[in-house]
Each structure stands twice: as C-alpha cells, then as structure tokens.
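Text of the file coords_17.tsv, holding TSV, C-alpha atoms:
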```tsv
chain	number	residue	atom	x	y	z
A	844	MET	CA	-9.15	-24.82	-2.47
A	845	ILE	CA	-5.51	-25.03	-1.36
A	846	LEU	CA	-3.46	-21.96	-2.30
A	847	SER	CA	0.27	-22.02	-3.02
A	848	GLN	CA	2.55	-19.80	-0.91
A	849	LYS	CA	2.75	-17.29	-3.78
A	850	GLU	CA	-1.05	-17.23	-4.12
A	851	GLN	CA	-1.41	-16.76	-0.34
A	852	TYR	CA	0.98	-13.78	-0.50
A	853	GLN	CA	-1.04	-12.27	-3.38
A	854	GLU	CA	-4.32	-12.83	-1.47
A	855	GLN	CA	-2.77	-11.23	1.62
A	856	LEU	CA	-1.65	-8.18	-0.41
A	857	ASN	CA	-5.15	-7.84	-1.96
A	858	GLY	CA	-6.69	-7.71	1.51
A	859	ILE	CA	-4.11	-5.35	2.99
A	860	PHE	CA	-4.20	-2.83	0.12
A	861	GLN	CA	-8.03	-2.97	0.10
A	862	ALA	CA	-8.01	-2.24	3.84
A	863	LEU	CA	-5.60	0.68	3.38
A	864	ALA	CA	-7.68	2.26	0.59
A	865	ASP	CA	-9.94	4.14	3.01
A	866	PRO	CA	-9.14	7.21	5.16
A	867	THR	CA	-11.20	6.02	8.16
A	868	ARG	CA	-9.36	2.68	8.22
A	869	ARG	CA	-5.97	4.41	7.87
A	870	ALA	CA	-6.89	6.74	10.74
A	871	VAL	CA	-7.87	3.75	12.91
A	872	LEU	CA	-4.51	2.10	12.16
A	873	ALA	CA	-2.65	5.31	13.05
A	874	ARG	CA	-4.59	5.53	16.32
A	875	LEU	CA	-3.85	1.88	17.17
A	876	GLY	CA	-0.19	2.55	16.42
A	877	ARG	CA	-0.16	4.51	19.69
A	878	GLY	CA	-1.71	1.60	21.62
A	879	SER	CA	-4.74	-0.66	21.84
A	880	ALA	CA	-8.21	0.85	22.21
A	881	SER	CA	-11.82	-0.19	22.65
A	882	ILE	CA	-14.18	0.01	19.66
A	883	SER	CA	-16.17	2.80	21.32
A	884	ASP	CA	-13.03	4.90	21.91
A	885	LEU	CA	-11.86	4.25	18.35
A	886	ALA	CA	-15.24	5.28	16.92
A	887	LYS	CA	-15.45	8.60	18.82
A	888	PRO	CA	-13.53	10.85	16.35
A	889	PHE	CA	-15.67	9.70	13.42
A	890	ASP	CA	-19.06	11.13	12.50
A	891	MET	CA	-20.36	7.69	11.62
A	892	ALA	CA	-23.05	5.27	12.81
A	893	LEU	CA	-21.60	2.33	14.79
A	894	PRO	CA	-22.68	-0.34	12.22
A	895	SER	CA	-20.79	1.56	9.49
A	896	PHE	CA	-17.76	1.88	11.74
A	897	MET	CA	-17.93	-1.84	12.57
A	898	LYS	CA	-17.71	-2.67	8.84
A	899	HIS	CA	-14.34	-0.89	8.78
A	900	ILE	CA	-13.22	-2.82	11.88
A	901	HIS	CA	-14.28	-6.15	10.36
A	902	LEU	CA	-12.44	-5.36	7.12
A	903	LEU	CA	-9.29	-4.39	9.03
A	904	GLU	CA	-9.51	-7.58	11.09
A	905	GLY	CA	-10.08	-9.67	7.95
A	906	SER	CA	-6.95	-8.20	6.36
A	907	GLY	CA	-4.90	-9.16	9.42
A	908	LEU	CA	-3.91	-5.54	10.12
A	909	ILE	CA	-5.67	-5.58	13.50
A	910	ARG	CA	-6.81	-8.22	15.97
A	911	THR	CA	-9.69	-7.82	18.43
A	912	HIS	CA	-10.69	-9.54	21.63
A	913	LYS	CA	-13.75	-9.19	23.83
A	914	GLU	CA	-13.72	-9.00	27.62
A	915	GLY	CA	-17.20	-8.72	29.10
A	916	ARG	CA	-18.99	-6.10	27.02
A	917	VAL	CA	-15.85	-4.35	25.74
A	918	ARG	CA	-14.13	-5.31	22.49
A	919	THR	CA	-10.53	-4.11	22.32
A	920	CYS	CA	-8.56	-3.66	19.09
A	921	ALA	CA	-4.80	-3.95	18.68
A	922	LEU	CA	-2.51	-3.33	15.73
A	923	GLU	CA	-0.79	-6.26	13.98
A	924	LYS	CA	2.47	-4.95	12.60
A	925	LYS	CA	3.48	-8.01	10.58
A	926	PRO	CA	1.28	-7.31	7.49
A	927	PHE	CA	2.98	-3.91	7.14
A	928	ALA	CA	6.18	-5.84	6.40
A	929	ALA	CA	4.41	-7.57	3.47
A	930	VAL	CA	3.68	-4.14	1.97
A	931	GLU	CA	7.27	-3.04	2.53
A	932	THR	CA	8.52	-6.24	0.87
A	933	TRP	CA	6.29	-5.61	-2.14
A	934	LEU	CA	7.52	-2.00	-2.41
A	935	SER	CA	11.19	-2.95	-2.14
A	936	THR	CA	10.66	-5.69	-4.76
A	937	GLN	CA	9.44	-2.97	-7.14
A	938	ARG	CA	12.61	-0.95	-6.50
A	939	VAL	CA	14.72	-4.05	-7.19
A	940	ILE	CA	12.89	-4.42	-10.53
A	941	TRP	CA	13.39	-0.71	-11.38
A	942	GLU	CA	17.10	-0.95	-10.71
A	943	GLY	CA	17.37	-3.97	-13.02
A	944	ARG	CA	18.81	-6.07	-10.23
A	945	THR	CA	16.58	-9.02	-11.22
A	946	ASP	CA	18.15	-8.93	-14.73
A	947	ARG	CA	21.65	-8.91	-13.25
A	948	LEU	CA	20.65	-11.82	-11.00
A	949	GLU	CA	19.43	-13.72	-14.08
A	950	GLN	CA	22.71	-12.96	-15.91
A	951	PHE	CA	24.68	-14.15	-12.90
A	952	VAL	CA	22.71	-17.39	-12.65
A	953	THR	CA	22.96	-17.98	-16.43
A	954	ALA	CA	26.73	-17.26	-16.43
A	955	GLY	CA	27.22	-19.70	-13.54
A	956	HIS	CA	25.22	-22.36	-15.38
A	957	ASP	CA	27.30	-21.89	-18.59
A	958	LYS	CA	30.54	-22.41	-16.71
A	959	GLU	CA	29.27	-25.66	-15.18
A	960	ASP	CA	28.27	-26.94	-18.60
A	961	PRO	CA	31.46	-27.89	-20.58
A	962	GLU	CA	29.61	-27.58	-23.92
B	6	MET	CA	-14.85	21.44	-4.41
B	7	ILE	CA	-11.38	22.65	-3.42
B	8	LEU	CA	-9.45	20.14	-1.33
B	9	SER	CA	-6.79	21.06	1.22
B	10	GLN	CA	-3.31	19.64	0.79
B	11	LYS	CA	-4.02	17.06	3.51
B	12	GLU	CA	-7.28	16.05	1.81
B	13	GLN	CA	-5.48	15.75	-1.54
B	14	TYR	CA	-2.88	13.46	0.06
B	15	GLN	CA	-5.65	11.29	1.55
B	16	GLU	CA	-7.47	11.16	-1.83
B	17	GLN	CA	-4.19	10.20	-3.52
B	18	LEU	CA	-3.60	7.39	-1.00
B	19	ASN	CA	-7.17	6.10	-1.49
B	20	GLY	CA	-6.57	5.85	-5.24
B	21	ILE	CA	-3.11	4.30	-4.96
B	22	PHE	CA	-4.08	1.64	-2.40
B	23	GLN	CA	-7.24	0.82	-4.40
B	24	ALA	CA	-5.07	0.39	-7.51
B	25	LEU	CA	-2.64	-1.87	-5.64
B	26	ALA	CA	-5.43	-4.11	-4.26
B	27	ASP	CA	-5.52	-6.31	-7.36
B	28	PRO	CA	-2.98	-8.94	-8.56
B	29	THR	CA	-3.37	-8.07	-12.28
B	30	ARG	CA	-2.67	-4.40	-11.59
B	31	ARG	CA	0.33	-5.25	-9.38
B	32	ALA	CA	1.67	-7.54	-12.15
B	33	VAL	CA	1.27	-4.72	-14.71
B	34	LEU	CA	3.20	-2.35	-12.42
B	35	ALA	CA	5.97	-4.93	-11.97
B	36	ARG	CA	6.17	-5.40	-15.77
B	37	LEU	CA	6.31	-1.62	-16.35
B	38	GLY	CA	9.08	-1.40	-13.75
B	39	ARG	CA	11.30	-3.08	-16.37
B	40	GLY	CA	10.34	-0.51	-19.03
B	41	SER	CA	7.41	0.98	-20.98
B	42	ALA	CA	5.15	-1.32	-22.97
B	43	SER	CA	2.18	-1.19	-25.32
B	44	ILE	CA	-1.26	-2.17	-24.01
B	45	SER	CA	-1.32	-5.25	-26.29
B	46	ASP	CA	2.07	-6.45	-24.98
B	47	LEU	CA	0.98	-5.79	-21.40
B	48	ALA	CA	-2.26	-7.72	-21.88
B	49	LYS	CA	-0.61	-10.86	-23.36
B	50	PRO	CA	0.22	-12.73	-20.11
B	51	PHE	CA	-3.35	-12.35	-18.82
B	52	ASP	CA	-6.24	-14.63	-19.70
B	53	MET	CA	-8.63	-11.69	-19.87
B	54	ALA	CA	-10.78	-9.92	-22.48
B	55	LEU	CA	-9.30	-6.60	-23.60
B	56	PRO	CA	-12.18	-4.46	-22.19
B	57	SER	CA	-11.61	-6.03	-18.74
B	58	PHE	CA	-7.87	-5.43	-19.03
B	59	MET	CA	-8.50	-1.81	-20.09
B	60	LYS	CA	-10.47	-1.23	-16.86
B	61	HIS	CA	-7.33	-2.12	-14.91
B	62	ILE	CA	-5.25	0.23	-17.11
B	63	HIS	CA	-7.74	3.10	-16.60
B	64	LEU	CA	-7.75	2.55	-12.85
B	65	LEU	CA	-3.94	2.53	-12.74
B	66	GLU	CA	-3.82	5.70	-14.83
B	67	GLY	CA	-6.45	7.36	-12.60
B	68	SER	CA	-4.37	6.60	-9.52
B	69	GLY	CA	-1.33	8.26	-11.09
B	70	LEU	CA	0.74	5.04	-10.92
B	71	ILE	CA	1.06	4.90	-14.72
B	72	ARG	CA	0.77	7.35	-17.61
B	73	THR	CA	-0.18	6.42	-21.16
B	74	HIS	CA	0.27	8.08	-24.53
B	75	LYS	CA	-0.99	7.13	-27.98
B	76	GLU	CA	1.07	7.23	-31.17
B	77	GLY	CA	-0.92	6.19	-34.24
B	78	ARG	CA	-2.83	3.08	-33.20
B	79	VAL	CA	-0.51	2.08	-30.35
B	80	ARG	CA	-1.04	3.19	-26.75
B	81	THR	CA	2.10	2.90	-24.65
B	82	CYS	CA	2.11	2.72	-20.84
B	83	ALA	CA	4.89	3.90	-18.55
B	84	LEU	CA	5.35	3.65	-14.80
B	85	GLU	CA	5.12	6.77	-12.63
B	86	LYS	CA	7.38	6.21	-9.64
B	87	LYS	CA	6.37	9.28	-7.63
B	88	PRO	CA	3.15	7.82	-6.10
B	89	PHE	CA	5.19	4.95	-4.66
B	90	ALA	CA	6.93	7.55	-2.51
B	91	ALA	CA	3.52	8.57	-1.08
B	92	VAL	CA	2.99	4.97	0.07
B	93	GLU	CA	6.49	4.83	1.55
B	94	THR	CA	5.83	8.12	3.38
B	95	TRP	CA	2.60	6.74	4.82
B	96	LEU	CA	4.35	3.55	5.95
B	97	SER	CA	7.25	5.40	7.56
B	98	THR	CA	4.76	7.72	9.32
B	99	GLN	CA	3.19	4.62	10.90
B	100	ARG	CA	6.61	3.50	12.16
B	101	VAL	CA	7.20	6.98	13.62
B	102	ILE	CA	3.86	6.64	15.46
B	103	TRP	CA	4.75	3.12	16.73
B	104	GLU	CA	8.06	4.33	18.09
B	105	GLY	CA	6.33	7.15	19.94
B	106	ARG	CA	8.46	9.74	18.18
B	107	THR	CA	5.38	11.95	17.58
B	108	ASP	CA	4.90	12.16	21.37
B	109	ARG	CA	8.53	13.18	21.86
B	110	LEU	CA	8.09	15.77	19.10
B	111	GLU	CA	5.03	17.13	20.91
B	112	GLN	CA	6.96	17.29	24.21
B	113	PHE	CA	9.80	19.12	22.46
B	114	VAL	CA	7.44	21.64	20.87
B	115	THR	CA	5.57	22.17	24.16
B	116	ALA	CA	8.82	22.59	26.11
B	117	GLY	CA	10.00	25.16	23.56
B	118	HIS	CA	6.70	27.04	23.82
B	119	ASP	CA	6.90	27.11	27.66
B	120	LYS	CA	10.34	28.69	27.52
B	121	GLU	CA	9.17	31.43	25.20
B	122	ASP	CA	6.20	32.20	27.42
B	123	PRO	CA	7.44	34.01	30.62
B	124	GLU	CA	4.24	33.05	32.45
```
Kindly present the structure from the file in structure tokens form.
Amino acid sequence: MILSQKEQYQEQLNGIFQALADPTRRAVLARLGRGSASISDLAKPFDMALPSFMKHIHLLEGSGLIRTHKEGRVRTCALEKKPFAAVETWLSTQRVIWEGRTDRLEQFVTAGHDKEDPE
Amino acid sequence: MILSQKEQYQEQLNGIFQALADPTRRAVLARLGRGSASISDLAKPFDMALPSFMKHIHLLEGSGLIRTHKEGRVRTCALEKKPFAAVETWLSTQRVIWEGRTDRLEQFVTAGHDKEDPE
C-alpha cells in the first residue's frame, strides 16, 4: 500500500503520540536528550525486567524518536530530534485553527479569486 | 491512592498523548478548534458506527482535551485548550534538556550553595 504524504504524516503522528503516552518512554527520551546511552545504562533507573524495557525501546525506535546501533555486544541509543518538530507543527496548526487564521486565509484566497473573475 | 503533583502531571500526559495517537481523535480536536459542535455533527465526516465514534469522544473527554454537556437530546462538545499547554511544556522541557540548560541551572544552584556554606 502506497500512502500519500498526508497519510504518512498522520501515520507518523500516530506512532509518535503512542510512543509518548508512557512515562518510561518519556523518561528514556529525556535521558537521551542529555546524550546517547547504552541499553543497559538506560534500563538501570527502571525497576523492570529487560524484555519489558526492550519493548519500550523497540516502540521508541519504531516511532522514529530514537535510533539504535550495535557495536560488539553493546547497543547504543540516540535521540532523533526531527519527529519532535512534527508534534510542534501539529500543535501550532491547532493554534492557527483556534485563532481563525485558516478562515481568514480562505477569505483572502476567495477574495483574490473573485477579483480575477470579471463576472 | 493519592498521587503527587508530579505523578498527576505524568498521568495527565499519558492520557493526552494516548488521546492524540489516533487520526479520528485529532480530526475531532481540529474541528472543535473552530467552535463547539454536537456529537452528530462531529460524527458526520467519519465512516464509522456511532458506538465506535462515541468511544473516541469518551477517550477525548477522559483525557481532558474536550468537555461535553447535554441539553435535551443533544450532547455538545467543546475543546479544552489547557491540556495543550501541558504538551507544550513537556516539549519545551525536552529542548531545555537538549540545550544543556538544566546542567547550567544545577551548576548555578551548586555554586550558590557553596557560597552560603563557609566550609
């Protein structure tokens, strides 16, 4: 199935918001905001079995919010900041809607179209 | 169970991000950003049975992102803008972490404490 750009953006937002809906995953993101870390270092603060913790890591990686790479036996995680911009774009779009700026844009476009049309 | 303020904030974020992780719910929020609407008007653009749509409405209401009230047979939904600020606060906190400003804050606090302590 080929998704349109709009559908891809919606799919991306689904994954990001799902990833952010958990306090462990948000804590991991905050930790990675200070720099990359190995999975074992990341897991230390959490009273959680490693397989459970790994599910959180996989979900974060799937959402694009982190990337991981393995060197020897150590898997290191790093933050991906770009998806945060998608969330900020969505939030600022809501504010644009609240302020009625989309309506004014529509009026502007319609007014411009009327002028071009002599009837 | 009594939750601390920090725990309440985390619970609130869980609910908000969960609510935002669905395209129907985001579309409802965008629609309500232009003004309040009845459930039946809100449901119209979606090819979805009413009970399924109502699940989305209940989840949005539970997260605090919308409020509803019933007059006669009509239930009207309105956007609650305050929870959006919680998301913005979380996002800006991440940027503060990325820019290392929390470290500088810690250094500042520590330096201040050293001065006050004559030993």
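Taking atom CA of Gly38 of chain B as the reference point, atom CA of Trp941 of chain A is found at 5.0 Å.
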Expected answer as a ChimeraX atom specification: all residues with atoms within 12 Å of (-6.9, -11.8, -18.1), only C-alpha atoms:
/B:28-30,32-33,45,47-61
When the cut-off is 10 Å and we count all atoms listed in the file, which residues of chain B are near chain A, given as a PyMOL selection string?
chain B and resi 12+15-28+31+34-40+84+86+89-90+92-93+95-105+107-108
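Straight-line separation from atom CA of Arg944 of chain A to atom CA of Lys87 of chain B: 19.9 Å.
One finds atom CA of Glu85 of chain B at 6.6 Å from atom CA of Arg72 of chain B.
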Please put the answer as AutoDock Vina command-line options: centre and edge lengths, in Å with one decimal, of a box along x, y and z that encloses all listed atoms of segment 83-87 of chain B plus 6 Å on each side.
```
--center_x 6.1 --center_y 6.5 --center_z -13.1 --size_x 14.5 --size_y 17.6 --size_z 22.9
```
Name the residues within 9 Å of (-11.6, -0.3, 22.9), counting only C-alpha atoms in the file's coordinates, and put them as an MDAnalysis selection string.
chainID A and resid 879:886 911 917:921
Go ahead and save the picked residues with C-alpha atoms, as an mmCIF file, keeping the file's coordinate frame.
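This is the output file selection-v5.cif:
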```cif
data_model
loop_
_atom_site.group_PDB
_atom_site.id
_atom_site.type_symbol
_atom_site.label_atom_id
_atom_site.label_comp_id
_atom_site.auth_asym_id
_atom_site.auth_seq_id
_atom_site.Cartn_x
_atom_site.Cartn_y
_atom_site.Cartn_z
ATOM 1 C CA SER A 879 -4.740 -0.660 21.840
ATOM 2 C CA ALA A 880 -8.210 0.850 22.210
ATOM 3 C CA SER A 881 -11.820 -0.190 22.650
ATOM 4 C CA ILE A 882 -14.180 0.010 19.660
ATOM 5 C CA SER A 883 -16.170 2.800 21.320
ATOM 6 C CA ASP A 884 -13.030 4.900 21.910
ATOM 7 C CA LEU A 885 -11.860 4.250 18.350
ATOM 8 C CA ALA A 886 -15.240 5.280 16.920
ATOM 9 C CA THR A 911 -9.690 -7.820 18.430
ATOM 10 C CA VAL A 917 -15.850 -4.350 25.740
ATOM 11 C CA ARG A 918 -14.130 -5.310 22.490
ATOM 12 C CA THR A 919 -10.530 -4.110 22.320
ATOM 13 C CA CYS A 920 -8.560 -3.660 19.090
ATOM 14 C CA ALA A 921 -4.800 -3.950 18.680
#
```
